[in-house]
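Participant: Got a structure for you, questions after.
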Amino acid sequence: MKEKIPLHIIGGFGDVTVGRKLKFLLLDERISSQLGLISILDRYPNPERIESNPRDFLYQDVLPKFKTPVSPEVLDALAEKIQSGQIRYYFSGDNGAQDFFKGVRPGDIVDISTPNLSHIKYLARAIRETLAHVIIEKPVVAQPKDVELARKMVLEAMISSPERLFVDAEHYSHYDLIKYYVDHLQQTTELFGKIKSIAIELREQEKFDNQRNRNVIDREVSGGGIWLDLGPHVLSFLTALDATIDKSTITAQRFKYDDPTIADARFQETRLETTFEAQSFAFANNRARVSIKVGKASDKTQKRFYIEHEHGYTDINLSSKQYTDARETPINIDQQDPFFNSYMDLVNSIRTGKTPRMPIQKSLDTLSNLFTIQKIARRRPMKDYSTWT
């Protein structure tokens, strides 16, 4: 049996980490036998208090801040490992971050799961102070000016240490339904012809009466509006299809939900729509029309990728977890949580040397397109809306 790869999480007490990732890292043998979580860096002070009574800390200080449901089994397993010293905790202030990075050895994994605007800082430190592999939450960077900076840092790190991997944990790329389509694209085009158009909708029926959703659209907190939150998911699909966006064809419009609780000018778009033409070997005549609608506070939840081919279609509905096409027979696909898949993809890439599904350099190309669309949308007045039409 191969040794576990040590894992260190920056933002290890965050909503997504505790609510989703730790289910696999602590309780699922398929992952816990491959990865060993040994240290956490986060913003909570008083490490001595946390390590002496982690259960009270997790239930009293951390859990009330969460939106994602958390299993008591996860909290209890995490508390036990902190109490026993199997997982070390470091406070991100004072000298905690420096001590955290000192404990990372070559070949370990650093997982960056912090708020958007801090990603570039921790990516730089992981590159400068360790020889670890890096997996980072989307978006890799939150500002246009940081795209080329991150690209340069990662490229230099890979040249000096070719064995290091840098991957984006953008989880829509790791949905089994999306993976199935991308991996079987050649067979699909043999059946239905090349792609003519793509329509993507990511609607989330969530209001802004909780702070987490407000933070998503607060430019000062997140670095951008809803497009920065949901845009990487939809554009990464095009990246996976090796598509190039014709930037001269982009039209984009931002919308703001009609809600007096988010009247503050800091809060940017809560919905964005864009259309453009894209080119790829998979597209009919190497060109296809793409339309995208993303947003919160909609009339319903809809997570759908509809691809029209020359002689048929593919309908990927992530909300209902169904994959159908022009044959109209649902295809049964074994589905894991995409965060499970993102970890397994990284582990397999480390073990076998295969190319990861979403290398950071690819995701930076995606972000370059994202910021271009955002810039175009901001040239037009933002419209109010109360329902999704």
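Chain labels run A, B, ... following the order of the structure tokens; each chain numbers its residues from 1, and ligands are numbered from 1 in the order shown.
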As a PDB file with N, CA and C atoms, in the first residue's frame, please: the residues near Val234 (chain A) (cut-off 12 Å, only C-alpha atoms, same-chain neighbours under 2 positions excluded).
Facilitator:
ATOM      1  N   GLU A 170     -11.832  23.930  -9.255  1.00  0.00           N
ATOM      2  CA  GLU A 170     -13.126  24.336  -9.824  1.00  0.00           C
ATOM      3  C   GLU A 170     -14.001  23.088  -9.979  1.00  0.00           C
ATOM      4  N   HIS A 171     -15.020  22.971  -9.122  1.00  0.00           N
ATOM      5  CA  HIS A 171     -15.642  21.658  -8.984  1.00  0.00           C
ATOM      6  C   HIS A 171     -16.626  21.285 -10.092  1.00  0.00           C
ATOM      7  N   TYR A 172     -17.142  22.259 -10.854  1.00  0.00           N
ATOM      8  CA  TYR A 172     -18.034  21.868 -11.948  1.00  0.00           C
ATOM      9  C   TYR A 172     -17.284  21.045 -13.002  1.00  0.00           C
ATOM     10  N   SER A 173     -16.006  21.305 -13.168  1.00  0.00           N
ATOM     11  CA  SER A 173     -15.212  20.500 -14.103  1.00  0.00           C
ATOM     12  C   SER A 173     -15.117  19.050 -13.663  1.00  0.00           C
ATOM     13  N   ILE A 178     -20.528  16.177 -16.334  1.00  0.00           N
ATOM     14  CA  ILE A 178     -19.709  17.014 -17.213  1.00  0.00           C
ATOM     15  C   ILE A 178     -18.518  16.221 -17.737  1.00  0.00           C
ATOM     16  N   ILE A 198     -24.428  26.264 -27.608  1.00  0.00           N
ATOM     17  CA  ILE A 198     -24.398  25.848 -26.208  1.00  0.00           C
ATOM     18  C   ILE A 198     -25.168  26.877 -25.396  1.00  0.00           C
ATOM     19  N   ALA A 199     -26.103  26.410 -24.575  1.00  0.00           N
ATOM     20  CA  ALA A 199     -26.854  27.289 -23.675  1.00  0.00           C
ATOM     21  C   ALA A 199     -26.650  26.783 -22.248  1.00  0.00           C
ATOM     22  N   ILE A 200     -26.177  27.662 -21.384  1.00  0.00           N
ATOM     23  CA  ILE A 200     -25.887  27.275 -20.007  1.00  0.00           C
ATOM     24  C   ILE A 200     -26.647  28.194 -19.059  1.00  0.00           C
ATOM     25  N   GLU A 201     -27.324  27.586 -18.088  1.00  0.00           N
ATOM     26  CA  GLU A 201     -28.003  28.351 -17.044  1.00  0.00           C
ATOM     27  C   GLU A 201     -27.567  27.843 -15.684  1.00  0.00           C
ATOM     28  N   LEU A 202     -27.118  28.743 -14.844  1.00  0.00           N
ATOM     29  CA  LEU A 202     -26.855  28.419 -13.440  1.00  0.00           C
ATOM     30  C   LEU A 202     -27.669  29.388 -12.598  1.00  0.00           C
ATOM     31  N   ARG A 203     -28.865  28.979 -12.235  1.00  0.00           N
ATOM     32  CA  ARG A 203     -29.722  29.784 -11.372  1.00  0.00           C
ATOM     33  C   ARG A 203     -29.656  29.196  -9.964  1.00  0.00           C
ATOM     34  N   TRP A 227     -20.738  37.094 -11.325  1.00  0.00           N
ATOM     35  CA  TRP A 227     -19.999  36.538 -12.453  1.00  0.00           C
ATOM     36  C   TRP A 227     -18.683  35.923 -12.002  1.00  0.00           C
ATOM     37  N   LEU A 228     -18.030  36.528 -11.025  1.00  0.00           N
ATOM     38  CA  LEU A 228     -16.790  35.964 -10.509  1.00  0.00           C
ATOM     39  C   LEU A 228     -17.061  34.690  -9.710  1.00  0.00           C
ATOM     40  N   ASP A 229     -18.255  34.594  -9.139  1.00  0.00           N
ATOM     41  CA  ASP A 229     -18.616  33.405  -8.364  1.00  0.00           C
ATOM     42  C   ASP A 229     -19.008  32.239  -9.268  1.00  0.00           C
ATOM     43  N   LEU A 230     -19.865  32.493 -10.249  1.00  0.00           N
ATOM     44  CA  LEU A 230     -20.388  31.414 -11.094  1.00  0.00           C
ATOM     45  C   LEU A 230     -19.750  31.354 -12.480  1.00  0.00           C
ATOM     46  N   GLY A 231     -19.142  32.445 -12.918  1.00  0.00           N
ATOM     47  CA  GLY A 231     -18.523  32.464 -14.242  1.00  0.00           C
ATOM     48  C   GLY A 231     -17.484  31.384 -14.470  1.00  0.00           C
ATOM     49  N   PRO A 232     -16.579  31.121 -13.491  1.00  0.00           N
ATOM     50  CA  PRO A 232     -15.582  30.063 -13.726  1.00  0.00           C
ATOM     51  C   PRO A 232     -16.202  28.709 -14.027  1.00  0.00           C
ATOM     52  N   SER A 236     -15.302  27.244 -17.659  1.00  0.00           N
ATOM     53  CA  SER A 236     -14.387  26.102 -17.621  1.00  0.00           C
ATOM     54  C   SER A 236     -14.894  24.965 -18.505  1.00  0.00           C
ATOM     55  N   PHE A 237     -16.215  24.903 -18.714  1.00  0.00           N
ATOM     56  CA  PHE A 237     -16.777  23.909 -19.630  1.00  0.00           C
ATOM     57  C   PHE A 237     -16.260  24.147 -21.039  1.00  0.00           C
ATOM     58  N   LEU A 238     -16.219  25.408 -21.448  1.00  0.00           N
ATOM     59  CA  LEU A 238     -15.685  25.737 -22.776  1.00  0.00           C
ATOM     60  C   LEU A 238     -14.188  25.448 -22.844  1.00  0.00           C
ATOM     61  N   THR A 239     -13.476  25.737 -21.755  1.00  0.00           N
ATOM     62  CA  THR A 239     -12.047  25.430 -21.704  1.00  0.00           C
ATOM     63  C   THR A 239     -11.812  23.945 -21.907  1.00  0.00           C
ATOM     64  N   ALA A 240     -12.660  23.124 -21.288  1.00  0.00           N
ATOM     65  CA  ALA A 240     -12.520  21.670 -21.428  1.00  0.00           C
ATOM     66  C   ALA A 240     -12.769  21.210 -22.859  1.00  0.00           C
ATOM     67  N   LEU A 241     -13.534  22.005 -23.627  1.00  0.00           N
ATOM     68  CA  LEU A 241     -13.799  21.678 -25.029  1.00  0.00           C
ATOM     69  C   LEU A 241     -12.769  22.308 -25.968  1.00  0.00           C
ATOM     70  N   LEU A 272     -25.941  37.808 -14.361  1.00  0.00           N
ATOM     71  CA  LEU A 272     -25.268  38.278 -15.568  1.00  0.00           C
ATOM     72  C   LEU A 272     -25.632  37.369 -16.724  1.00  0.00           C
ATOM     73  N   GLU A 273     -25.862  37.991 -17.869  1.00  0.00           N
ATOM     74  CA  GLU A 273     -26.143  37.233 -19.099  1.00  0.00           C
ATOM     75  C   GLU A 273     -25.126  37.651 -20.151  1.00  0.00           C
ATOM     76  N   THR A 274     -24.634  36.681 -20.891  1.00  0.00           N
ATOM     77  CA  THR A 274     -23.679  36.984 -21.949  1.00  0.00           C
ATOM     78  C   THR A 274     -23.871  36.027 -23.118  1.00  0.00           C
ATOM     79  N   VAL A 290     -22.730  30.683 -28.132  1.00  0.00           N
ATOM     80  CA  VAL A 290     -22.816  30.325 -26.719  1.00  0.00           C
ATOM     81  C   VAL A 290     -23.636  31.388 -25.996  1.00  0.00           C
ATOM     82  N   SER A 291     -24.612  30.949 -25.217  1.00  0.00           N
ATOM     83  CA  SER A 291     -25.381  31.872 -24.378  1.00  0.00           C
ATOM     84  C   SER A 291     -25.320  31.380 -22.940  1.00  0.00           C
ATOM     85  N   ILE A 292     -25.129  32.314 -22.025  1.00  0.00           N
ATOM     86  CA  ILE A 292     -24.934  31.969 -20.615  1.00  0.00           C
ATOM     87  C   ILE A 292     -25.785  32.885 -19.754  1.00  0.00           C
ATOM     88  N   LYS A 293     -26.479  32.297 -18.785  1.00  0.00           N
ATOM     89  CA  LYS A 293     -27.225  33.049 -17.779  1.00  0.00           C
ATOM     90  C   LYS A 293     -26.848  32.500 -16.417  1.00  0.00           C
ATOM     91  N   VAL A 294     -26.356  33.372 -15.543  1.00  0.00           N
ATOM     92  CA  VAL A 294     -26.026  32.946 -14.187  1.00  0.00           C
ATOM     93  C   VAL A 294     -26.609  33.947 -13.200  1.00  0.00           C
ATOM     94  N   GLY A 295     -26.967  33.480 -12.006  1.00  0.00           N
ATOM     95  CA  GLY A 295     -27.467  34.413 -11.018  1.00  0.00           C
ATOM     96  C   GLY A 295     -28.039  33.760  -9.786  1.00  0.00           C
ATOM     97  N   LYS A 303     -29.515  24.240 -12.982  1.00  0.00           N
ATOM     98  CA  LYS A 303     -28.103  24.077 -13.327  1.00  0.00           C
ATOM     99  C   LYS A 303     -28.050  23.155 -14.545  1.00  0.00           C
ATOM    100  N   ARG A 304     -28.044  23.788 -15.706  1.00  0.00           N
ATOM    101  CA  ARG A 304     -28.266  23.028 -16.932  1.00  0.00           C
ATOM    102  C   ARG A 304     -27.303  23.448 -18.036  1.00  0.00           C
ATOM    103  N   PHE A 305     -26.722  22.454 -18.692  1.00  0.00           N
ATOM    104  CA  PHE A 305     -25.861  22.643 -19.851  1.00  0.00           C
ATOM    105  C   PHE A 305     -26.550  21.960 -21.027  1.00  0.00           C
ATOM    106  N   TYR A 306     -27.033  22.765 -21.971  1.00  0.00           N
ATOM    107  CA  TYR A 306     -27.756  22.215 -23.129  1.00  0.00           C
ATOM    108  C   TYR A 306     -26.910  22.440 -24.376  1.00  0.00           C
ATOM    109  N   SER A 363      -6.985  27.221 -16.189  1.00  0.00           N
ATOM    110  CA  SER A 363      -8.000  28.018 -15.499  1.00  0.00           C
ATOM    111  C   SER A 363      -7.691  29.507 -15.596  1.00  0.00           C
ATOM    112  N   THR A 366      -9.223  30.679 -18.691  1.00  0.00           N
ATOM    113  CA  THR A 366     -10.653  30.859 -18.427  1.00  0.00           C
ATOM    114  C   THR A 366     -10.905  32.202 -17.755  1.00  0.00           C
ATOM    115  N   LEU A 367     -10.097  32.542 -16.756  1.00  0.00           N
ATOM    116  CA  LEU A 367     -10.287  33.796 -16.030  1.00  0.00           C
ATOM    117  C   LEU A 367     -10.008  35.012 -16.903  1.00  0.00           C
ATOM    118  N   ASN A 369     -10.785  35.269 -20.011  1.00  0.00           N
ATOM    119  CA  ASN A 369     -12.057  35.466 -20.708  1.00  0.00           C
ATOM    120  C   ASN A 369     -13.124  36.021 -19.767  1.00  0.00           C
ATOM    121  N   LEU A 370     -13.144  35.514 -18.546  1.00  0.00           N
ATOM    122  CA  LEU A 370     -14.132  35.967 -17.566  1.00  0.00           C
ATOM    123  C   LEU A 370     -14.011  37.473 -17.318  1.00  0.00           C
TER     124      LEU A 370
END
Participant: Please provide as JSON, numbers by chain all residues within 10 Å of region 376-379 of chain A, with the sequence filter that same-chain residues fewer than 6 positions apart are discarded (counting only C-alpha atoms).
Facilitator: {"A": [247, 250, 251, 252, 253, 254, 255, 268, 269, 272, 273, 274]}
Participant: Give me, as a VMD selection string, all polymer residues having an atom no more than 6 Å from region 204-215 of chain A, counting only C-alpha atoms and skipping those fewer than 6 positions away in the same chain.
Facilitator: chain A and resid 221 296 to 298 300 to 301
Participant: Using only C-alpha atoms, which protein or nucleic acid residues come within 7 Å of Ser222 (chain A)? Drop anything in the same chain fewer than 6 positions from it, and give the result as a PyMOL selection string.
Facilitator: chain A and resi 115-117+215-216
Participant: Counting only C-alpha atoms, which residues in region 132-248 of chain A sit no more than 12 Å from region 9-20 of chain A? For each one, give the nearest pair of atoms and the distance in Å, sorted by chain then residue number, as CSV.
Facilitator:
residue,atom,partner,partner_atom,distance
A:His133,CA,A:Ile9,CA,12.0
A:Val134,CA,A:Ile9,CA,10.1
A:Ile135,CA,A:Ile9,CA,9.5
A:Ile136,CA,A:Ile10,CA,9.6
A:Glu137,CA,A:Val16,CA,10.0
A:Ala169,CA,A:Val16,CA,11.8
A:His171,CA,A:Val16,CA,11.4
A:Arg212,CA,A:Asp15,CA,9.6
Participant: When DSSP works through the backbone of this structure, what residues of region 232-319 of chain A end up as alpha helix (DSSP H), shown as a PDB file with N, CA and C atoms, in the first residue's frame?
Facilitator:
ATOM      1  N   PRO A 232     -16.579  31.121 -13.491  1.00  0.00           N
ATOM      2  CA  PRO A 232     -15.582  30.063 -13.726  1.00  0.00           C
ATOM      3  C   PRO A 232     -16.202  28.709 -14.027  1.00  0.00           C
ATOM      4  N   HIS A 233     -17.371  28.425 -13.444  1.00  0.00           N
ATOM      5  CA  HIS A 233     -18.009  27.128 -13.680  1.00  0.00           C
ATOM      6  C   HIS A 233     -18.435  26.960 -15.135  1.00  0.00           C
ATOM      7  N   VAL A 234     -19.059  27.995 -15.677  1.00  0.00           N
ATOM      8  CA  VAL A 234     -19.580  27.860 -17.042  1.00  0.00           C
ATOM      9  C   VAL A 234     -18.469  27.989 -18.076  1.00  0.00           C
ATOM     10  N   LEU A 235     -17.515  28.883 -17.838  1.00  0.00           N
ATOM     11  CA  LEU A 235     -16.446  29.065 -18.814  1.00  0.00           C
ATOM     12  C   LEU A 235     -15.449  27.916 -18.803  1.00  0.00           C
ATOM     13  N   SER A 236     -15.302  27.244 -17.659  1.00  0.00           N
ATOM     14  CA  SER A 236     -14.387  26.102 -17.621  1.00  0.00           C
ATOM     15  C   SER A 236     -14.894  24.965 -18.505  1.00  0.00           C
ATOM     16  N   PHE A 237     -16.215  24.903 -18.714  1.00  0.00           N
ATOM     17  CA  PHE A 237     -16.777  23.909 -19.630  1.00  0.00           C
ATOM     18  C   PHE A 237     -16.260  24.147 -21.039  1.00  0.00           C
ATOM     19  N   LEU A 238     -16.219  25.408 -21.448  1.00  0.00           N
ATOM     20  CA  LEU A 238     -15.685  25.737 -22.776  1.00  0.00           C
ATOM     21  C   LEU A 238     -14.188  25.448 -22.844  1.00  0.00           C
ATOM     22  N   THR A 239     -13.476  25.737 -21.755  1.00  0.00           N
ATOM     23  CA  THR A 239     -12.047  25.430 -21.704  1.00  0.00           C
ATOM     24  C   THR A 239     -11.812  23.945 -21.907  1.00  0.00           C
ATOM     25  N   ALA A 240     -12.660  23.124 -21.288  1.00  0.00           N
ATOM     26  CA  ALA A 240     -12.520  21.670 -21.428  1.00  0.00           C
ATOM     27  C   ALA A 240     -12.769  21.210 -22.859  1.00  0.00           C
TER      28      ALA A 240
END
Participant: Among region 149-266 of chain A, which residues carry a DSSP assignment of strand (DSSP E or B), reported as a PyMOL selection string?
Facilitator: chain A and resi 166-168+195-204+218+244-257
Participant: Could you please determine the separation between CA of Phe57 (chain A) and CA of Ile112 (chain A) in Å, to one decimal place?
Facilitator: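 CA of Ile112 (chain A) lies at a distance of 21.9 Å from CA of Phe57 (chain A).
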